[in-house]
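As provided, final_5.cif (mmCIF, N, CA and C atoms) reads as follows.
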data_work
#
loop_
_atom_site.group_PDB
_atom_site.id
_atom_site.type_symbol
_atom_site.label_atom_id
_atom_site.label_comp_id
_atom_site.auth_asym_id
_atom_site.auth_seq_id
_atom_site.Cartn_x
_atom_site.Cartn_y
_atom_site.Cartn_z
ATOM 1 N N MET A 233 39.638 -106.430 6.652
ATOM 2 C CA MET A 233 40.700 -107.235 7.212
ATOM 3 C C MET A 233 41.850 -106.307 7.616
ATOM 4 N N GLU A 234 42.362 -106.480 8.810
ATOM 5 C CA GLU A 234 43.516 -105.707 9.267
ATOM 6 C C GLU A 234 44.707 -106.630 9.467
ATOM 7 N N ILE A 235 45.863 -106.175 9.013
ATOM 8 C CA ILE A 235 47.095 -106.933 9.164
ATOM 9 C C ILE A 235 48.165 -105.982 9.681
ATOM 10 N N LEU A 236 48.854 -106.387 10.728
ATOM 11 C CA LEU A 236 49.984 -105.594 11.193
ATOM 12 C C LEU A 236 51.152 -105.827 10.249
ATOM 13 N N LEU A 237 51.721 -104.751 9.779
ATOM 14 C CA LEU A 237 52.834 -104.834 8.845
ATOM 15 C C LEU A 237 54.143 -104.635 9.593
ATOM 16 N N HIS A 238 54.936 -105.674 9.611
ATOM 17 C CA HIS A 238 56.216 -105.616 10.318
ATOM 18 C C HIS A 238 57.415 -105.717 9.368
ATOM 19 N N SER A 239 57.138 -106.037 8.111
ATOM 20 C CA SER A 239 58.244 -106.230 7.175
ATOM 21 C C SER A 239 57.773 -105.974 5.745
ATOM 22 N N SER A 240 58.738 -105.880 4.860
ATOM 23 C CA SER A 240 58.400 -105.723 3.450
ATOM 24 C C SER A 240 57.653 -106.954 2.941
ATOM 25 N N LYS A 241 57.928 -108.108 3.517
ATOM 26 C CA LYS A 241 57.230 -109.336 3.126
ATOM 27 C C LYS A 241 55.742 -109.239 3.461
ATOM 28 N N ASP A 242 55.412 -108.620 4.581
ATOM 29 C CA ASP A 242 54.000 -108.433 4.948
ATOM 30 C C ASP A 242 53.285 -107.563 3.918
ATOM 31 N N ILE A 243 53.934 -106.478 3.496
ATOM 32 C CA ILE A 243 53.339 -105.602 2.481
ATOM 33 C C ILE A 243 53.206 -106.350 1.169
ATOM 34 N N SER A 244 54.216 -107.132 0.818
ATOM 35 C CA SER A 244 54.168 -107.862 -0.445
ATOM 36 C C SER A 244 53.001 -108.833 -0.482
ATOM 37 N N THR A 245 52.729 -109.478 0.631
ATOM 38 C CA THR A 245 51.615 -110.422 0.701
ATOM 39 C C THR A 245 50.285 -109.718 0.478
ATOM 40 N N VAL A 246 50.110 -108.569 1.107
ATOM 41 C CA VAL A 246 48.873 -107.805 0.969
ATOM 42 C C VAL A 246 48.687 -107.346 -0.479
ATOM 43 N N VAL A 247 49.745 -106.836 -1.091
ATOM 44 C CA VAL A 247 49.667 -106.350 -2.476
ATOM 45 C C VAL A 247 49.328 -107.496 -3.425
ATOM 46 N N LYS A 248 50.008 -108.609 -3.286
ATOM 47 C CA LYS A 248 49.785 -109.746 -4.175
ATOM 48 C C LYS A 248 48.361 -110.288 -4.039
ATOM 49 N N GLU A 249 47.890 -110.436 -2.794
ATOM 50 C CA GLU A 249 46.539 -110.944 -2.573
ATOM 51 C C GLU A 249 45.488 -109.991 -3.140
ATOM 52 N N ARG A 250 45.696 -108.690 -2.989
ATOM 53 C CA ARG A 250 44.743 -107.711 -3.497
ATOM 54 C C ARG A 250 44.708 -107.730 -5.028
ATOM 55 N N ARG A 251 45.883 -107.793 -5.639
ATOM 56 C CA ARG A 251 45.958 -107.844 -7.105
ATOM 57 C C ARG A 251 45.198 -109.058 -7.624
ATOM 58 N N LYS A 252 45.437 -110.195 -7.006
ATOM 59 C CA LYS A 252 44.773 -111.421 -7.454
ATOM 60 C C LYS A 252 43.265 -111.352 -7.208
ATOM 61 N N ALA A 253 42.848 -110.782 -6.085
ATOM 62 C CA ALA A 253 41.422 -110.649 -5.780
ATOM 63 C C ALA A 253 40.722 -109.769 -6.811
ATOM 64 N N LEU A 254 41.439 -108.782 -7.337
ATOM 65 C CA LEU A 254 40.882 -107.897 -8.356
ATOM 66 C C LEU A 254 40.934 -108.511 -9.755
ATOM 67 N N GLY A 255 41.658 -109.613 -9.879
ATOM 68 C CA GLY A 255 41.731 -110.313 -11.158
ATOM 69 C C GLY A 255 42.701 -109.731 -12.158
ATOM 70 N N TYR A 256 43.715 -109.034 -11.685
ATOM 71 C CA TYR A 256 44.693 -108.411 -12.580
ATOM 72 C C TYR A 256 46.000 -109.197 -12.614
ATOM 73 N N THR A 257 46.680 -109.107 -13.737
ATOM 74 C CA THR A 257 48.029 -109.656 -13.841
ATOM 75 C C THR A 257 49.017 -108.616 -13.312
ATOM 76 N N GLN A 258 50.232 -109.055 -13.066
ATOM 77 C CA GLN A 258 51.267 -108.104 -12.661
ATOM 78 C C GLN A 258 51.477 -107.061 -13.740
ATOM 79 N N ALA A 259 51.463 -107.476 -14.995
ATOM 80 C CA ALA A 259 51.688 -106.543 -16.095
ATOM 81 C C ALA A 259 50.600 -105.475 -16.147
ATOM 82 N N GLU A 260 49.364 -105.861 -15.911
ATOM 83 C CA GLU A 260 48.269 -104.894 -15.930
ATOM 84 C C GLU A 260 48.421 -103.876 -14.802
ATOM 85 N N VAL A 261 48.722 -104.353 -13.607
ATOM 86 C CA VAL A 261 48.880 -103.446 -12.469
ATOM 87 C C VAL A 261 50.073 -102.525 -12.680
ATOM 88 N N ALA A 262 51.168 -103.068 -13.149
ATOM 89 C CA ALA A 262 52.350 -102.247 -13.417
ATOM 90 C C ALA A 262 52.008 -101.141 -14.409
ATOM 91 N N SER A 263 51.242 -101.487 -15.429
ATOM 92 C CA SER A 263 50.891 -100.514 -16.458
ATOM 93 C C SER A 263 50.032 -99.382 -15.892
ATOM 94 N N PHE A 264 48.933 -99.705 -15.204
ATOM 95 C CA PHE A 264 48.094 -98.605 -14.748
ATOM 96 C C PHE A 264 48.618 -97.913 -13.498
ATOM 97 N N CYS A 265 49.645 -98.467 -12.858
ATOM 98 C CA CYS A 265 50.307 -97.760 -11.752
ATOM 99 C C CYS A 265 51.519 -96.976 -12.245
ATOM 100 N N ASN A 266 51.844 -97.135 -13.531
ATOM 101 C CA ASN A 266 52.980 -96.449 -14.135
ATOM 102 C C ASN A 266 54.296 -96.791 -13.430
ATOM 103 N N VAL A 267 54.458 -98.090 -13.150
ATOM 104 C CA VAL A 267 55.715 -98.612 -12.625
ATOM 105 C C VAL A 267 56.132 -99.769 -13.523
ATOM 106 N N GLY A 268 57.366 -100.153 -13.441
ATOM 107 C CA GLY A 268 57.839 -101.263 -14.255
ATOM 108 C C GLY A 268 57.354 -102.603 -13.732
ATOM 109 N N LEU A 269 57.282 -103.561 -14.635
ATOM 110 C CA LEU A 269 56.898 -104.917 -14.251
ATOM 111 C C LEU A 269 57.894 -105.493 -13.249
ATOM 112 N N ARG A 270 59.165 -105.216 -13.464
ATOM 113 C CA ARG A 270 60.191 -105.693 -12.534
ATOM 114 C C ARG A 270 59.956 -105.121 -11.133
ATOM 115 N N PHE A 271 59.619 -103.834 -11.053
ATOM 116 C CA PHE A 271 59.342 -103.212 -9.757
ATOM 117 C C PHE A 271 58.195 -103.933 -9.061
ATOM 118 N N LEU A 272 57.101 -104.163 -9.784
ATOM 119 C CA LEU A 272 55.943 -104.809 -9.180
ATOM 120 C C LEU A 272 56.286 -106.226 -8.731
ATOM 121 N N SER A 273 57.028 -106.939 -9.533
ATOM 122 C CA SER A 273 57.457 -108.283 -9.157
ATOM 123 C C SER A 273 58.300 -108.254 -7.883
ATOM 124 N N GLU A 274 59.237 -107.318 -7.827
ATOM 125 C CA GLU A 274 60.081 -107.193 -6.633
ATOM 126 C C GLU A 274 59.252 -106.799 -5.416
ATOM 127 N N LEU A 275 58.256 -105.949 -5.601
ATOM 128 C CA LEU A 275 57.365 -105.571 -4.506
ATOM 129 C C LEU A 275 56.625 -106.795 -3.988
ATOM 130 N N GLU A 276 56.081 -107.584 -4.897
ATOM 131 C CA GLU A 276 55.328 -108.768 -4.487
ATOM 132 C C GLU A 276 56.216 -109.865 -3.915
ATOM 133 N N ASN A 277 57.512 -109.756 -4.121
ATOM 134 C CA ASN A 277 58.444 -110.733 -3.568
ATOM 135 C C ASN A 277 59.146 -110.226 -2.313
ATOM 136 N N GLY A 278 58.736 -109.064 -1.828
ATOM 137 C CA GLY A 278 59.227 -108.568 -0.549
ATOM 138 C C GLY A 278 60.588 -107.917 -0.557
ATOM 139 N N LYS A 279 61.042 -107.439 -1.697
ATOM 140 C CA LYS A 279 62.337 -106.758 -1.737
ATOM 141 C C LYS A 279 62.311 -105.577 -0.777
ATOM 142 N N GLU A 280 63.348 -105.440 0.009
ATOM 143 C CA GLU A 280 63.376 -104.445 1.087
ATOM 144 C C GLU A 280 63.843 -103.067 0.665
ATOM 145 N N THR A 281 64.399 -102.915 -0.513
ATOM 146 C CA THR A 281 65.013 -101.639 -0.883
ATOM 147 C C THR A 281 64.258 -100.903 -1.983
ATOM 148 N N LEU A 282 62.965 -101.088 -2.071
ATOM 149 C CA LEU A 282 62.173 -100.407 -3.092
ATOM 150 C C LEU A 282 61.886 -98.966 -2.692
ATOM 151 N N GLN A 283 61.626 -98.130 -3.690
ATOM 152 C CA GLN A 283 61.309 -96.725 -3.429
ATOM 153 C C GLN A 283 59.937 -96.620 -2.759
ATOM 154 N N LEU A 284 59.927 -95.982 -1.607
ATOM 155 C CA LEU A 284 58.698 -95.870 -0.835
ATOM 156 C C LEU A 284 57.588 -95.168 -1.610
ATOM 157 N N GLY A 285 57.916 -94.129 -2.334
ATOM 158 C CA GLY A 285 56.908 -93.403 -3.094
ATOM 159 C C GLY A 285 56.194 -94.293 -4.102
ATOM 160 N N LYS A 286 56.938 -95.145 -4.772
ATOM 161 C CA LYS A 286 56.334 -96.060 -5.741
ATOM 162 C C LYS A 286 55.483 -97.120 -5.045
ATOM 163 N N VAL A 287 55.956 -97.599 -3.907
ATOM 164 C CA VAL A 287 55.175 -98.584 -3.141
ATOM 165 C C VAL A 287 53.840 -97.966 -2.736
ATOM 166 N N LEU A 288 53.884 -96.736 -2.232
ATOM 167 C CA LEU A 288 52.656 -96.061 -1.811
ATOM 168 C C LEU A 288 51.717 -95.829 -2.986
ATOM 169 N N LYS A 289 52.272 -95.523 -4.150
ATOM 170 C CA LYS A 289 51.450 -95.328 -5.344
ATOM 171 C C LYS A 289 50.688 -96.616 -5.666
ATOM 172 N N VAL A 290 51.390 -97.741 -5.654
ATOM 173 C CA VAL A 290 50.758 -99.024 -5.983
ATOM 174 C C VAL A 290 49.679 -99.374 -4.967
ATOM 175 N N VAL A 291 49.975 -99.262 -3.676
ATOM 176 C CA VAL A 291 48.967 -99.646 -2.683
ATOM 177 C C VAL A 291 47.747 -98.732 -2.758
ATOM 178 N N ASN A 292 47.958 -97.457 -3.014
ATOM 179 C CA ASN A 292 46.823 -96.540 -3.149
ATOM 180 C C ASN A 292 45.957 -96.884 -4.349
ATOM 181 N N ILE A 293 46.569 -97.146 -5.472
ATOM 182 C CA ILE A 293 45.807 -97.469 -6.677
ATOM 183 C C ILE A 293 45.062 -98.790 -6.519
ATOM 184 N N LEU A 294 45.646 -99.740 -5.789
ATOM 185 C CA LEU A 294 44.972 -101.014 -5.554
ATOM 186 C C LEU A 294 43.899 -100.929 -4.469
ATOM 187 N N GLY A 295 43.769 -99.762 -3.840
ATOM 188 C CA GLY A 295 42.741 -99.592 -2.826
ATOM 189 C C GLY A 295 43.112 -100.159 -1.475
ATOM 190 N N ILE A 296 44.392 -100.135 -1.169
ATOM 191 C CA ILE A 296 44.876 -100.617 0.127
ATOM 192 C C ILE A 296 45.212 -99.400 0.978
ATOM 193 N N ASP A 297 44.653 -99.341 2.178
ATOM 194 C CA ASP A 297 44.958 -98.253 3.102
ATOM 195 C C ASP A 297 46.045 -98.698 4.069
ATOM 196 N N LEU A 298 47.111 -97.923 4.150
ATOM 197 C CA LEU A 298 48.142 -98.150 5.158
ATOM 198 C C LEU A 298 47.922 -97.117 6.248
ATOM 199 N N ILE A 299 47.736 -97.586 7.466
ATOM 200 C CA ILE A 299 47.427 -96.696 8.583
ATOM 201 C C ILE A 299 48.515 -96.835 9.637
ATOM 202 N N ALA A 300 49.075 -95.707 10.045
ATOM 203 C CA ALA A 300 50.090 -95.712 11.094
ATOM 204 C C ALA A 300 49.471 -95.224 12.401
ATOM 205 N N LYS A 301 49.738 -95.952 13.468
ATOM 206 C CA LYS A 301 49.263 -95.507 14.773
ATOM 207 C C LYS A 301 50.292 -95.902 15.825
ATOM 208 N N GLN A 302 50.299 -95.152 16.891
ATOM 209 C CA GLN A 302 51.235 -95.438 17.974
ATOM 210 C C GLN A 302 50.784 -96.686 18.714
ATOM 211 N N ARG A 303 51.731 -97.507 19.083
ATOM 212 C CA ARG A 303 51.421 -98.707 19.857
ATOM 213 C C ARG A 303 50.890 -98.312 21.220
ATOM 214 N N GLY A 304 49.913 -99.043 21.677
ATOM 215 C CA GLY A 304 49.368 -98.821 23.006
ATOM 216 C C GLY A 304 48.418 -97.650 23.109
ATOM 217 N N VAL A 305 48.183 -96.952 21.990
ATOM 218 C CA VAL A 305 47.271 -95.817 21.995
ATOM 219 C C VAL A 305 46.004 -96.240 21.250
ATOM 220 N N GLN A 306 44.863 -96.045 21.886
ATOM 221 C CA GLN A 306 43.601 -96.475 21.260
ATOM 222 C C GLN A 306 43.105 -95.469 20.281
#
Represent the structure from my file as structure tokens, please.
Amino acid sequence: MEILLHSSKDISTVVKERRKALGYTQAEVASFCNVGLRFLSELENGKETLQLGKVLKVVNILGIDLIAKQRGVQ
């Protein structure tokens, strides 16, 4: 499944859906990603001012690939 990410809310939706598909609680994901539960909750709620490095850590551990490409380029 591919989703264009235009906002922090788009990323939050992908993270939350992936976590639930894997059958994990927020606390479990926070623990094995070595981030706080509050951070994970804020990520899943689309907070715009989260640390990018931590966001990337969570998406990588959950098996989500973020791919950047130029618009209009195949």
Q. Applied to this file, what does the PyMOL selection byres (((chain A and resi 287-296 and name CA) around 10) and name CA) return in terms of residues, put as a PyMOL selection string?
A. chain A and resi 243-244+246-247+250-251+254+261-262+264-267+271-272+275+282-286+297-299
Q: List every residue of chain A that DSSP, applied to the backbone of this structure, places in helix (DSSP H, G or I), and write the result as a ChimeraX atom specification.
A: /A:240-254,258-265,269-276,284-293
Q: For atom C of Thr257 of chain A and atom N of Leu269 of chain A, determine how far apart the two atoms are, in Å to one decimal place.
A: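 The value is 9.8 Å.
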With 8 Å on each side, where is the centre of the axis-aligned box around all listed atoms of segment 250-261 of chain A, and how long are its edges in Å to one decimal, as lines of an AutoDock Vina configuration file?
center_x = 46.2
center_y = -107.0
center_z = -9.6
size_x = 27.0
size_y = 24.9
size_z = 29.2
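For the choices A:Lys252, A:Lys301, A:Gly268, A:Ser263, the atom-to-atom distance to Leu237 of chain A is smallest for A:Lys301 when using only C-alpha atoms.
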Q: Rounded to one decimal place, report the atom N of Lys248 of chain A-atom N of Asn277 of chain A distance in Å.
A: 7.6 Å
Q) Can you tell me how far atom C of Ile235 of chain A sits from atom N of Glu280 of chain A, in Å to one decimal? A)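 Here the two named atoms are 18.0 Å from each other.
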